[in-house]
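Read through the structure below, which is laid out as structure tokens, and then see the notes.
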Amino acid sequence: MSPKLPQNEVNLQRRRFFGVAAMTVAAVELGMTSLANAQSATGSSSAAGKAGNHTSFESLKQIAAGVLDIGYAEAGPADGQAVLLLHGWPYDIHSFVDVAPILAAAGYRVLVPYLRGYGTTRFLSDKTPRNGQQSALAADMIAFLDALGIEQAIVAGYDWGARTAGIMAALWPERCKALVSVSGYLIGSQEINKKPLAPKAELAWWYQFYFATERGRLGYAANTRDFVRLIWQTASPTWKFDDETFNRSAPAFDNPDHVEITIHNYRWRLALAKGEAKYDAYERKLAMGPVITIPTITMEGDANGAPHADPSVYAAKFSAKYEHRNITGGIGHNLPQEAPEAFAQAVLDVAKF
């Protein structure tokens, strides 16, 4: 295990996790012209592509994996290189409905699972804690690969999905061929999260503090779909999604464990809720901010309204071949759904690193 992080590294990670750099540091507000330790200059792409060409996956499957019965979509040849696509909160597998066909056509075996608390994924036992801590979600995905007999996959995601993919790469690098991560390095720790942020940064996380209260839990349970729609609008302020698009994803939030997993996730981050002892060793490693040692492409949309850090904050967290891409054209937080061609291209490119 690495030694305790020096205070300056703790502060950098704190800014990274909460996106304070993007809101409180003038230099970051203006952006950087290059990234430290990147293998190439920061990419800027307007190849957003038009979302909405595909509206559904052909069929959904279920498989028992670890503590879950996981619902997932699959596309492409069964003998192709596996690509694991991981959605965020509050979204679902339809974020990748236009990405999957591109990758499948290129010969990849594309797997798009519902995370715990979403869609058709269910806990196998009523006694299993409805735990949303970061390492639990990553362990779920390792169990998912195990259940499918997949030794190694390209892992890619955004929001919770990017964090989960990053943790998989940090804790189980042998299982991950390469990584695509929207908003970069999202691994956090409860200790770092105890430190207060500047007021503007705290404001951006209003829902985290709302969820810390009983009123917030009741409010999210009573108004889940309205809440989700609000987050979609604020996190992607220029994404003009229609009711049909929203309604395709909305049933995923009717999962009986969705509210509990969501609330626990945000309370756990602030050390207001306990995790499970079986994940303690993982969390100790993650708290040290481990460097990710597999080939990686990070991405950011130019209209991301959710808290996020400037790429310069996290570039040094990737020690293998690395590239960052800025996706222009009014692309928000749900980058795979808003810019499917650009996201799919990143997966295709990182596979060749």
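Identifiers in the structure tokens: chain A, B, ... in order shown; residue index from 1 per chain; ligand index from 1 in order shown.
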Which residues are near segment 76-93 of chain A? Cut-off 9 Å, only C-alpha atoms, ignore same chain within fewer than 2 positions. Put them as a ChimeraX atom specification. /A:72-74,95-97,100-101,103-115,118-119,141,145,150,152-165,228-229,231-232,249-250,252-253,262,334,347
request  = Identify, on the basis of only C-alpha atoms, every residue whose closest approach to Gly219 of chain A does not exceed 12 Å; exclude the query and any residue fewer than 4 positions from it along the same chain; express the result as an MDAnalysis selection string.
outcome  = chainID A and resid 207 210:215 223:228 259 263
Residues from last step as file, N, CA and C atoms, as a tab-separated table (two decimals), in the first residue's frame:
```
chain	number	residue	atom	x	y	z
A	207	TYR	N	-27.96	18.37	-4.43
A	207	TYR	CA	-28.75	17.15	-4.25
A	207	TYR	C	-28.07	16.16	-3.30
A	210	TYR	N	-29.24	17.32	0.00
A	210	TYR	CA	-30.67	16.99	0.08
A	210	TYR	C	-30.85	15.52	0.43
A	211	PHE	N	-30.08	14.66	-0.23
A	211	PHE	CA	-30.17	13.22	0.03
A	211	PHE	C	-29.65	12.84	1.41
A	212	ALA	N	-28.87	13.71	2.03
A	212	ALA	CA	-28.38	13.42	3.37
A	212	ALA	C	-29.47	13.52	4.42
A	213	THR	N	-30.61	14.09	4.05
A	213	THR	CA	-31.71	14.27	4.99
A	213	THR	C	-32.82	13.26	4.74
A	214	GLU	N	-33.63	13.04	5.75
A	214	GLU	CA	-34.80	12.18	5.59
A	214	GLU	C	-35.80	12.82	4.62
A	215	ARG	N	-35.89	14.13	4.65
A	215	ARG	CA	-36.75	14.83	3.70
A	215	ARG	C	-36.31	14.53	2.27
A	223	ASN	N	-40.89	11.68	-5.90
A	223	ASN	CA	-40.81	12.46	-7.15
A	223	ASN	C	-39.65	12.00	-8.02
A	224	THR	N	-39.42	10.69	-8.07
A	224	THR	CA	-38.22	10.18	-8.74
A	224	THR	C	-38.10	10.68	-10.17
A	225	ARG	N	-39.14	10.50	-10.96
A	225	ARG	CA	-39.03	10.84	-12.39
A	225	ARG	C	-38.87	12.34	-12.60
A	226	ASP	N	-39.57	13.15	-11.83
A	226	ASP	CA	-39.40	14.59	-11.95
A	226	ASP	C	-37.99	15.01	-11.55
A	227	PHE	N	-37.46	14.36	-10.52
A	227	PHE	CA	-36.11	14.65	-10.05
A	227	PHE	C	-35.10	14.28	-11.14
A	228	VAL	N	-35.27	13.09	-11.72
A	228	VAL	CA	-34.36	12.64	-12.77
A	228	VAL	C	-34.39	13.60	-13.96
A	259	VAL	N	-34.13	3.87	-5.13
A	259	VAL	CA	-34.04	4.99	-4.18
A	259	VAL	C	-33.04	4.66	-3.08
A	263	ILE	N	-29.66	6.87	-2.39
A	263	ILE	CA	-29.47	7.58	-1.11
A	263	ILE	C	-28.22	7.08	-0.40
```
Looking only at strand (DSSP E) from DSSP on the backbone, list the matching residues of segment 37-254 of chain A as an MDAnalysis selection string.
-> chainID A and resid 43:45 60:65 68:75 82:86 109:113 122:123 153:157 176:182
**Item:** Residues near Glu151 of chain A, cut-off 10 Å, only C-alpha atoms, skip fewer than 6 positions along chain, as a list of chain:residue names
**Value:**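 So, after excluding close chain neighbours, the residues are A:Ala82, A:Ile142, A:Leu145, A:Glu174, A:Arg175, A:Cys176, A:Lys177.
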Could you take the residues named above and write them with all heavy atoms, as a compact mmCIF listing (two decimals), in the first residue's frame?
```txt
# COMPACT_ATOMS: atom_id res chain seq x y z
N ALA A 82 -14.56 -8.24 -25.71
CA ALA A 82 -15.64 -7.71 -24.87
C ALA A 82 -15.43 -6.23 -24.58
O ALA A 82 -14.32 -5.78 -24.27
CB ALA A 82 -15.75 -8.49 -23.58
N ILE A 142 -17.07 -7.01 -11.84
CA ILE A 142 -16.12 -8.12 -11.92
C ILE A 142 -16.88 -9.44 -11.84
O ILE A 142 -16.60 -10.39 -12.60
CB ILE A 142 -15.06 -8.02 -10.81
CG1 ILE A 142 -14.18 -6.79 -11.04
CG2 ILE A 142 -14.22 -9.29 -10.74
CD1 ILE A 142 -13.36 -6.81 -12.30
N LEU A 145 -18.47 -10.11 -15.23
CA LEU A 145 -17.53 -10.69 -16.19
C LEU A 145 -17.25 -12.16 -15.87
O LEU A 145 -17.18 -13.00 -16.77
CB LEU A 145 -16.22 -9.89 -16.19
CG LEU A 145 -16.29 -8.44 -16.67
CD1 LEU A 145 -14.90 -7.80 -16.61
CD2 LEU A 145 -16.87 -8.33 -18.08
N GLU A 174 -5.70 -6.43 -14.51
CA GLU A 174 -5.56 -7.59 -15.39
C GLU A 174 -6.87 -7.95 -16.08
O GLU A 174 -6.87 -8.66 -17.10
CB GLU A 174 -5.03 -8.80 -14.60
CG GLU A 174 -6.03 -9.43 -13.63
CD GLU A 174 -6.22 -8.67 -12.32
OE1 GLU A 174 -5.55 -7.63 -12.14
OE2 GLU A 174 -7.02 -9.13 -11.49
N ARG A 175 -7.99 -7.45 -15.56
CA ARG A 175 -9.29 -7.74 -16.14
C ARG A 175 -9.73 -6.66 -17.15
O ARG A 175 -10.77 -6.80 -17.78
CB ARG A 175 -10.36 -7.85 -15.04
CG ARG A 175 -10.06 -8.86 -13.95
CD ARG A 175 -9.96 -10.29 -14.49
NE ARG A 175 -11.19 -10.73 -15.13
CZ ARG A 175 -12.22 -11.31 -14.48
NH1 ARG A 175 -12.14 -11.46 -13.16
NH2 ARG A 175 -13.28 -11.72 -15.15
N CYS A 176 -8.94 -5.61 -17.26
CA CYS A 176 -9.33 -4.46 -18.08
C CYS A 176 -8.26 -4.20 -19.15
O CYS A 176 -7.12 -3.87 -18.84
CB CYS A 176 -9.49 -3.21 -17.21
SG CYS A 176 -10.67 -3.42 -15.85
N LYS A 177 -8.65 -4.34 -20.40
CA LYS A 177 -7.72 -4.12 -21.50
C LYS A 177 -7.42 -2.64 -21.69
O LYS A 177 -6.28 -2.25 -21.97
CB LYS A 177 -8.30 -4.69 -22.79
CG LYS A 177 -7.46 -4.46 -24.05
CD LYS A 177 -8.10 -5.09 -25.27
CE LYS A 177 -7.35 -4.70 -26.54
NZ LYS A 177 -5.96 -5.20 -26.54
```
- Query: Could you name the residues that touch Arg284 of chain A at 12 Å or less, counting only C-alpha atoms, but leaving out those on the same chain fewer than 2 positions away, as a PyMOL selection string?
  - Reply: chain A and resi 1-4+134-135+171+187-191+277-282+286-290
Write the residues of the preceding selection, restricted to N, CA and C atoms, as a PDB file, in the first residue's frame.
```
ATOM      1  N   MET A   1       0.853  -1.202   0.000  1.00  0.00           N
ATOM      2  CA  MET A   1       0.000   0.000   0.000  1.00  0.00           C
ATOM      3  C   MET A   1       0.885   1.247   0.000  1.00  0.00           C
ATOM      4  N   SER A   2       0.482   2.233  -0.742  1.00  0.00           N
ATOM      5  CA  SER A   2       1.254   3.470  -0.831  1.00  0.00           C
ATOM      6  C   SER A   2       1.214   4.216   0.493  1.00  0.00           C
ATOM      7  N   PRO A   3       2.209   5.049   0.748  1.00  0.00           N
ATOM      8  CA  PRO A   3       2.196   5.855   1.970  1.00  0.00           C
ATOM      9  C   PRO A   3       1.079   6.868   1.943  1.00  0.00           C
ATOM     10  N   LYS A   4       0.812   7.470   3.073  1.00  0.00           N
ATOM     11  CA  LYS A   4      -0.253   8.465   3.177  1.00  0.00           C
ATOM     12  C   LYS A   4       0.011   9.625   2.232  1.00  0.00           C
ATOM     13  N   GLN A 134     -18.836   2.922  -3.653  1.00  0.00           N
ATOM     14  CA  GLN A 134     -18.175   2.847  -4.946  1.00  0.00           C
ATOM     15  C   GLN A 134     -17.577   1.477  -5.265  1.00  0.00           C
ATOM     16  N   SER A 135     -16.926   0.833  -4.313  1.00  0.00           N
ATOM     17  CA  SER A 135     -16.281  -0.446  -4.609  1.00  0.00           C
ATOM     18  C   SER A 135     -17.285  -1.574  -4.790  1.00  0.00           C
ATOM     19  N   LEU A 171      -8.194  -1.577  -9.347  1.00  0.00           N
ATOM     20  CA  LEU A 171      -8.116  -2.743  -8.465  1.00  0.00           C
ATOM     21  C   LEU A 171      -7.890  -4.051  -9.205  1.00  0.00           C
ATOM     22  N   ILE A 187     -12.323   8.361  -8.785  1.00  0.00           N
ATOM     23  CA  ILE A 187     -12.194   7.588  -7.558  1.00  0.00           C
ATOM     24  C   ILE A 187     -12.064   8.537  -6.370  1.00  0.00           C
ATOM     25  N   GLY A 188     -12.838   8.296  -5.319  1.00  0.00           N
ATOM     26  CA  GLY A 188     -12.825   9.171  -4.159  1.00  0.00           C
ATOM     27  C   GLY A 188     -12.612   8.422  -2.860  1.00  0.00           C
ATOM     28  N   SER A 189     -12.728   9.148  -1.763  1.00  0.00           N
ATOM     29  CA  SER A 189     -12.632   8.542  -0.440  1.00  0.00           C
ATOM     30  C   SER A 189     -13.466   9.343   0.545  1.00  0.00           C
ATOM     31  N   GLN A 190     -13.936   8.689   1.574  1.00  0.00           N
ATOM     32  CA  GLN A 190     -14.736   9.377   2.587  1.00  0.00           C
ATOM     33  C   GLN A 190     -13.920  10.429   3.319  1.00  0.00           C
ATOM     34  N   GLU A 191     -12.652  10.146   3.570  1.00  0.00           N
ATOM     35  CA  GLU A 191     -11.828  11.087   4.325  1.00  0.00           C
ATOM     36  C   GLU A 191     -11.649  12.392   3.557  1.00  0.00           C
ATOM     37  N   ALA A 277     -18.197  -4.399   5.491  1.00  0.00           N
ATOM     38  CA  ALA A 277     -16.827  -4.742   5.883  1.00  0.00           C
ATOM     39  C   ALA A 277     -16.085  -5.479   4.778  1.00  0.00           C
ATOM     40  N   LYS A 278     -16.808  -6.238   3.962  1.00  0.00           N
ATOM     41  CA  LYS A 278     -16.129  -7.029   2.935  1.00  0.00           C
ATOM     42  C   LYS A 278     -15.486  -6.147   1.861  1.00  0.00           C
ATOM     43  N   TYR A 279     -15.849  -4.875   1.819  1.00  0.00           N
ATOM     44  CA  TYR A 279     -15.251  -3.958   0.856  1.00  0.00           C
ATOM     45  C   TYR A 279     -14.192  -3.058   1.481  1.00  0.00           C
ATOM     46  N   ASP A 280     -13.915  -3.226   2.748  1.00  0.00           N
ATOM     47  CA  ASP A 280     -12.995  -2.322   3.450  1.00  0.00           C
ATOM     48  C   ASP A 280     -11.604  -2.294   2.820  1.00  0.00           C
ATOM     49  N   ALA A 281     -11.084  -3.467   2.454  1.00  0.00           N
ATOM     50  CA  ALA A 281      -9.732  -3.511   1.878  1.00  0.00           C
ATOM     51  C   ALA A 281      -9.691  -2.763   0.553  1.00  0.00           C
ATOM     52  N   TYR A 282     -10.739  -2.894  -0.235  1.00  0.00           N
ATOM     53  CA  TYR A 282     -10.806  -2.150  -1.499  1.00  0.00           C
ATOM     54  C   TYR A 282     -10.807  -0.647  -1.244  1.00  0.00           C
ATOM     55  N   LEU A 286      -8.387   2.401  -2.532  1.00  0.00           N
ATOM     56  CA  LEU A 286      -8.929   3.504  -3.323  1.00  0.00           C
ATOM     57  C   LEU A 286      -8.689   4.854  -2.653  1.00  0.00           C
ATOM     58  N   ALA A 287      -8.691   4.864  -1.331  1.00  0.00           N
ATOM     59  CA  ALA A 287      -8.466   6.103  -0.593  1.00  0.00           C
ATOM     60  C   ALA A 287      -7.073   6.675  -0.826  1.00  0.00           C
ATOM     61  N   MET A 288      -6.151   5.830  -1.296  1.00  0.00           N
ATOM     62  CA  MET A 288      -4.800   6.290  -1.584  1.00  0.00           C
ATOM     63  C   MET A 288      -4.686   6.912  -2.969  1.00  0.00           C
ATOM     64  N   GLY A 289      -5.775   6.925  -3.714  1.00  0.00           N
ATOM     65  CA  GLY A 289      -5.736   7.517  -5.052  1.00  0.00           C
ATOM     66  C   GLY A 289      -4.835   6.766  -6.005  1.00  0.00           C
ATOM     67  N   PRO A 290      -5.057   5.462  -6.196  1.00  0.00           N
ATOM     68  CA  PRO A 290      -4.140   4.669  -7.022  1.00  0.00           C
ATOM     69  C   PRO A 290      -4.062   5.162  -8.462  1.00  0.00           C
TER      70      PRO A 290
END
```
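Across the model, the gap from atom CA of Leu68 of chain A to atom CA of Thr121 of chain A is 6.8 Å.
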A straight line from atom CA of His94 of chain A to atom CA of Ser56 of chain A spans 7.1 Å
>> I'd like the contact shell of Phe353 of chain A - 8 Å cut-off, only C-alpha atoms, skipping same-chain residues fewer than 3 positions apart - returned as a list in words.
In response: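 My reading of the contact set: Pro295, Lys321, Asp349 and Val350 of chain A.
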Next, the residues of the selection above should be written as a PDB file, in the first residue's frame with all heavy atoms.
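The resulting again01.pdb:
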```
ATOM      1  N   PRO A 295      -4.050   1.535 -20.705  1.00  0.00           N
ATOM      2  CA  PRO A 295      -4.302   2.599 -21.691  1.00  0.00           C
ATOM      3  C   PRO A 295      -5.656   3.254 -21.466  1.00  0.00           C
ATOM      4  O   PRO A 295      -6.651   2.562 -21.208  1.00  0.00           O
ATOM      5  CB  PRO A 295      -4.257   1.849 -23.024  1.00  0.00           C
ATOM      6  CG  PRO A 295      -3.397   0.655 -22.759  1.00  0.00           C
ATOM      7  CD  PRO A 295      -3.707   0.251 -21.343  1.00  0.00           C
ATOM      8  N   LYS A 321      -0.337   4.710 -21.871  1.00  0.00           N
ATOM      9  CA  LYS A 321      -0.663   5.626 -22.957  1.00  0.00           C
ATOM     10  C   LYS A 321      -1.996   6.293 -22.656  1.00  0.00           C
ATOM     11  O   LYS A 321      -2.967   5.631 -22.324  1.00  0.00           O
ATOM     12  CB  LYS A 321      -0.717   4.883 -24.287  1.00  0.00           C
ATOM     13  CG  LYS A 321      -0.864   5.830 -25.470  1.00  0.00           C
ATOM     14  CD  LYS A 321      -0.713   5.114 -26.800  1.00  0.00           C
ATOM     15  CE  LYS A 321      -0.811   6.124 -27.944  1.00  0.00           C
ATOM     16  NZ  LYS A 321      -0.681   5.450 -29.269  1.00  0.00           N
ATOM     17  N   ASP A 349     -10.559   3.543 -30.599  1.00  0.00           N
ATOM     18  CA  ASP A 349      -9.176   4.021 -30.612  1.00  0.00           C
ATOM     19  C   ASP A 349      -8.374   3.492 -29.431  1.00  0.00           C
ATOM     20  O   ASP A 349      -7.202   3.099 -29.590  1.00  0.00           O
ATOM     21  CB  ASP A 349      -9.155   5.548 -30.596  1.00  0.00           C
ATOM     22  CG  ASP A 349      -9.659   6.157 -31.903  1.00  0.00           C
ATOM     23  OD1 ASP A 349      -9.756   5.410 -32.915  1.00  0.00           O
ATOM     24  OD2 ASP A 349      -9.988   7.359 -31.904  1.00  0.00           O
ATOM     25  N   VAL A 350      -8.969   3.492 -28.236  1.00  0.00           N
ATOM     26  CA  VAL A 350      -8.202   3.037 -27.073  1.00  0.00           C
ATOM     27  C   VAL A 350      -7.880   1.550 -27.172  1.00  0.00           C
ATOM     28  O   VAL A 350      -6.874   1.093 -26.612  1.00  0.00           O
ATOM     29  CB  VAL A 350      -8.969   3.356 -25.764  1.00  0.00           C
ATOM     30  CG1 VAL A 350     -10.051   2.329 -25.457  1.00  0.00           C
ATOM     31  CG2 VAL A 350      -8.017   3.481 -24.580  1.00  0.00           C
TER      32      VAL A 350
END
```
re atom CA of Lys317 of chain A and atom CA of Val291 of chain A: distance 4.8 Å
